[in-house]
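Some notes on the structure that comes next.
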Amino acid sequence: MITFLIVLAVIVAFATLVSHYSAPAGSTNITDRDRQRMQAELSAMQGRTSNI
């Protein structure tokens with residue numbers, strides 16, 4: 001049981017270190033068109049319901 005907990009702690013520590021020091025996946029210079037569309041739709045819905 002102690003061995004299992006130690007191995008689990010080592011795995012969690014390793015995963016934490018890897019996620020902290022690794023670069024984020026994907027490109028940052030890509031425009032998210034889906035997010036822009038959703039923002040436009042939500043803005044339109046908000047403007048439409050503010051007159052009620």
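The chains in the structure tokens are called A, B, ... from first to last as shown; in each chain the residues are counted from 1, and the ligands are counted from 1 in the order shown.
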Residue set, chain A restricted to alpha helix (DSSP H), as a count of residues only:
37
